[in-house]
Amino acid sequence: FARLRTYLDDFAKLNDIRIDYQIAGNEINVPTELKQGIYRIISEACGDAVRHGECHVIHVKLDLLAEKNVLVIQDDGIGINAHSNKDKKVKGIGLHNMQNIVRSFDGKFSITERHQGGTEVIVDIPYKTKIMQEVIG
């Protein structure tokens, strides 16, 4: 995930925001397709947080656990409900893309407004995805 770290550092500088990120676990068993999917989800979520959520800080936490991969992205922006009401004409293509990526790995996706303000995206992808089953057997 070196490319992801570079992306987050560059994105933060380019948009004059702070991105705190934590990547824990061993990425050696994560298939390339899943790494690419996680990268795309994070880039979509960060882009939406800046463009629509008007955030200043984003927290990204990726846990590569033995049984699943868990990604949590939180921002301090105006929140998903406020941004949906403000941009009614926006169809939410980024949100749709994130959901499709997660679905392709048999994962779970949720997006909610945080009580403290901002938005939280949670992605939970089981370790034994379709891709892993194809690789293994």
# chains A, B, ... in the order shown; residues from 1 in each chain; ligands from 1
>>> residues_around(residues="A:Asn26", least_positions_apart="3", cutoff="9 Å", atoms="only C-alpha atoms", output="JSON list (two decimals) with N, CA and C atoms, in the first residue's frame")
[["chain", "number", "residue", "atom", "x", "y", "z"],
["A", 29, "ASN", "N", -0.99, -11.13, 1.78],
["A", 29, "ASN", "CA", -2.05, -12.05, 1.32],
["A", 29, "ASN", "C", -3.22, -11.34, 0.65],
["A", 30, "VAL", "N", -3.13, -10.03, 0.49],
["A", 30, "VAL", "CA", -4.22, -9.28, -0.15],
["A", 30, "VAL", "C", -4.01, -9.30, -1.66],
["A", 63, "ASP", "N", -7.60, -2.02, 8.39],
["A", 63, "ASP", "CA", -7.13, -3.17, 9.16],
["A", 63, "ASP", "C", -7.20, -4.40, 8.27],
["A", 64, "LEU", "N", -6.04, -4.99, 8.03],
["A", 64, "LEU", "CA", -5.95, -6.22, 7.25],
["A", 64, "LEU", "C", -5.87, -7.37, 8.25],
["A", 65, "LEU", "N", -7.03, -7.90, 8.59],
["A", 65, "LEU", "CA", -7.13, -8.94, 9.61],
["A", 65, "LEU", "C", -7.10, -10.32, 8.95],
["A", 66, "ALA", "N", -6.95, -11.35, 9.74],
["A", 66, "ALA", "CA", -6.87, -12.71, 9.21],
["A", 66, "ALA", "C", -8.16, -13.11, 8.50]]
>>> residues_around(residues="A:Tyr21", least_positions_apart="6", cutoff="12 Å", atoms="only C-alpha atoms", output="number ranges by chain")
A: 1, 4-9, 12, 42, 46, 57-63, 71-75
>>> closest_residue(among="A:Asn81, A:Asn15, A:Gln36, A:Ser43", to="A:Phe105", atoms="only C-alpha atoms")
A:Gln36
>>> atom_distance(atom1="atom CA of A:Ser104", atom2="atom CA of A:Glu27")
19.4 Å
>>> atom_distance(atom1="atom CA of A:Glu44", atom2="atom CA of A:Ile23")
17.8 Å
>>> closest_residue(among="A:Arg114, A:His96, A:Arg3, A:Lys13", to="A:Tyr39", atoms="only C-alpha atoms")
A:Arg3
>>> select_by_dssp(residues="chain A", states="helix (DSSP H, G or I)", output="PyMOL selection string")
chain A and resi 2-15+27-29+32-51+80-86+93-104+130-136
>>> residues_around(residues="A:Gln99", least_positions_apart="3", cutoff="9 Å", atoms="only C-alpha atoms", output="VMD selection string")
chain A and resid 41 94 to 96 102 to 104 108 to 110
